[in-house]
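K.L.:
Structure below; questions to follow.
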Amino acid sequence: MPDLTPGVPSALSPLVRRIVARNPGPFTGPGTNTYLVGIDEVAVIDPGPDDKAHVDAIIGASMKERVRWVLLTHTHPDHWPATKRLVKATKAELLMFGKRDKDVDLTPARVLEEGDTIEGSEFGLEVLHAPGHHPQHVCYLLEEERVLFTGDTVLEGMYSVVNPSRGGDMAVYVKTLERLRRLRLSRIAPGHGDVIEEPKVRLDDYLSHRRQRESQILRLLKKKDGAKVKDLVADIYGSDELPPELIEAAGWQVHAHLVKLKAEGKVTGTTAKATWTAV
Ligand SMILES: [Zn+2]
């Protein structure tokens, strides 16, 4: 069983190593996964939180001149803040997807687009725009091994959070999951948690979980003749003793579904605090 102990590099395949950052939590599982792809030339995916010891572990796992590229799946704060420190120490090129992100003060050496490939001496990493969790979320497909690095689009051990107030879009997210399901994959290397050995099973589970949640919300709204997000959360999770941060996240998720249902003309409502009704 590969090691999920923070700071300890573990080899997942001939081309892929993983180091878990020291930021375990309800949304990060054992911590953020930093992946090193390649041996002679290394691409680092998601340097993680700005922790010197973690950056030292990344550099220690490769000779620092071999780190050629730093890639991000998205710019949420558990994935990118170590970027500057890593780029400075290794002189690697920072490659970022799409338009300039105002939330982070990072300047890419090159801007990536959908379908681009990062060509290392031993590997090719294809860029797949995978919006939903974040508008500019990217997955990377390691062509040689058919491993997909999914960031926070697909996780192990928990469902991804889609928060409308942080750029999340449930309708777009479901489309992204459907697209990923059509890919031929051997494994998924998620942003948090261990490697997923059966990608299709996991993606089917993710899709059916979202479909079930959506019909549950619609059913409750029809029955209640209008409800607020917090009432729906209480109905869905019942007397389960969820910690407050997970209750809050459940609210984002319900709100994200309501926004999707509204766009489909099935419900009316506005903000997370408003009353929503079935049409
Ligand atoms: Zn994350």
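Ordering of the structure tokens sets the chain letters (A, B, ...); residue numbers start at 1 within each chain; ligands are numbered from 1 in the order shown.
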With a distance cut-off of 7 Å and only C-alpha atoms, select the neighbouring residues of region 31-41 of chain A, excluding the residue or stretch itself and same-chain residues fewer than 6 positions from it, and output the selection as a PyMOL selection string.
P.N.:
chain A and resi 15-25+47-48+66-68+78-79+120-123+191-192
K.L.:
Pick out each residue of region 4-182 of chain A that DSSP on the backbone tags as strand (DSSP E or B); I need them as a VMD selection string.
P.N.:
chain A and resid 10 to 11 16 to 20 25 29 32 to 37 42 to 45 67 to 71 93 to 97 110 to 112 117 to 119 124 to 129 138 to 142 147 to 151
K.L.:
Check the smallest atom-to-atom distance from each of A:Gly124, A:Gly98, A:Gly115, A:Gly193 to Asp152 (chain A) using only C-alpha atoms, then report the winner.
P.N.:
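Once distances to Asp152 (chain A) are computed over only C-alpha atoms, the minimum belongs to A:Gly193.
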K.L.:
To one decimal in Å, tell me the separation between CA of Asp169 (chain A) and CA of Gly132 (chain A).
P.N.:
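CA of Gly132 (chain A) lies 4.8 Å from CA of Asp169 (chain A).
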K.L.:
When you look at Lys273 (chain A) with a cut-off of 8 Å (counting only C-alpha atoms), what residues show up, excluding the ones that are within fewer than 2 positions of it in the same chain? I need them as a count of residues only.
P.N.:
5
K.L.:
Write out as JSON, numbers by chain which residues come within 10 Å of Cys139 (chain A) when counting only C-alpha atoms, dropping same-chain ones fewer than 4 positions away.
P.N.:
{"A": [45, 72, 73, 74, 114, 125, 126, 127, 128, 129, 130, 131, 148, 149, 150, 151, 152, 153, 154, 180, 189, 190]}
K.L.:
CA of Leu86 (chain A) and CA of Ile58 (chain A) are how many Å apart?
P.N.:
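Taking CA of Leu86 (chain A) as the start and CA of Ile58 (chain A) as the end point, the length is 8.4 Å.
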K.L.:
So which one's closest to Leu71 (chain A), A:Leu106, A:Ala249, A:Ile59, A:Ala89? Using only C-alpha atoms, please.
P.N.:
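Of A:Leu106, A:Ala249, A:Ile59, A:Ala89, the one nearest Leu71 (chain A), counting only C-alpha atoms, is A:Leu106.
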K.L.:
Find the distance between CA of Arg210 (chain A) and CA of Ala263 (chain A) and write it in Å to one decimal.
P.N.:
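Interatomic distance here is 16.1 Å.
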K.L.:
From the options A:Pro244, A:Lys260, A:Arg219, A:Asp101, which residue's atoms come nearest to Tyr173 (chain A), counting only C-alpha atoms?
P.N.:
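Using only C-alpha atoms, Tyr173 (chain A) sits closest to A:Lys260.
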K.L.:
Residues within 6 Å of Val111 (chain A), please, as a list of chain:residue names. Count only C-alpha atoms; anything in the same chain fewer than 5 positions from it doesn't count.
P.N.:
A:Leu95, A:Met96, A:Phe97
K.L.:
Skipping near chain neighbours, those fewer than 2 positions away, what residues fall within 7 Å of Trp276 (chain A) using only C-alpha atoms, listed as a PyMOL selection string?
P.N.:
chain A and resi 226-228+267-269+274+278
K.L.:
Out of A:Glu65, A:Glu214, A:Asp105, A:Glu156, which residue has the shortest atom-to-atom distance to ligand 1 when counting only C-alpha atoms and all ligand atoms?
P.N.:
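Of the candidates, the smallest distance to ligand 1 is held by A:Glu156.
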K.L.:
So, counting only C-alpha atoms, which residue among A:Val104, A:Ala57, A:Leu258, A:Met63 is closest to Met170 (chain A)?
P.N.:
A:Leu258
K.L.:
Using only C-alpha atoms, which of A:Pro164, A:Thr277, A:Leu246, A:Val195 sits nearest Leu220 (chain A)?
P.N.:
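Residue with the minimum atom-to-atom distance to Leu220 (chain A): A:Thr277.
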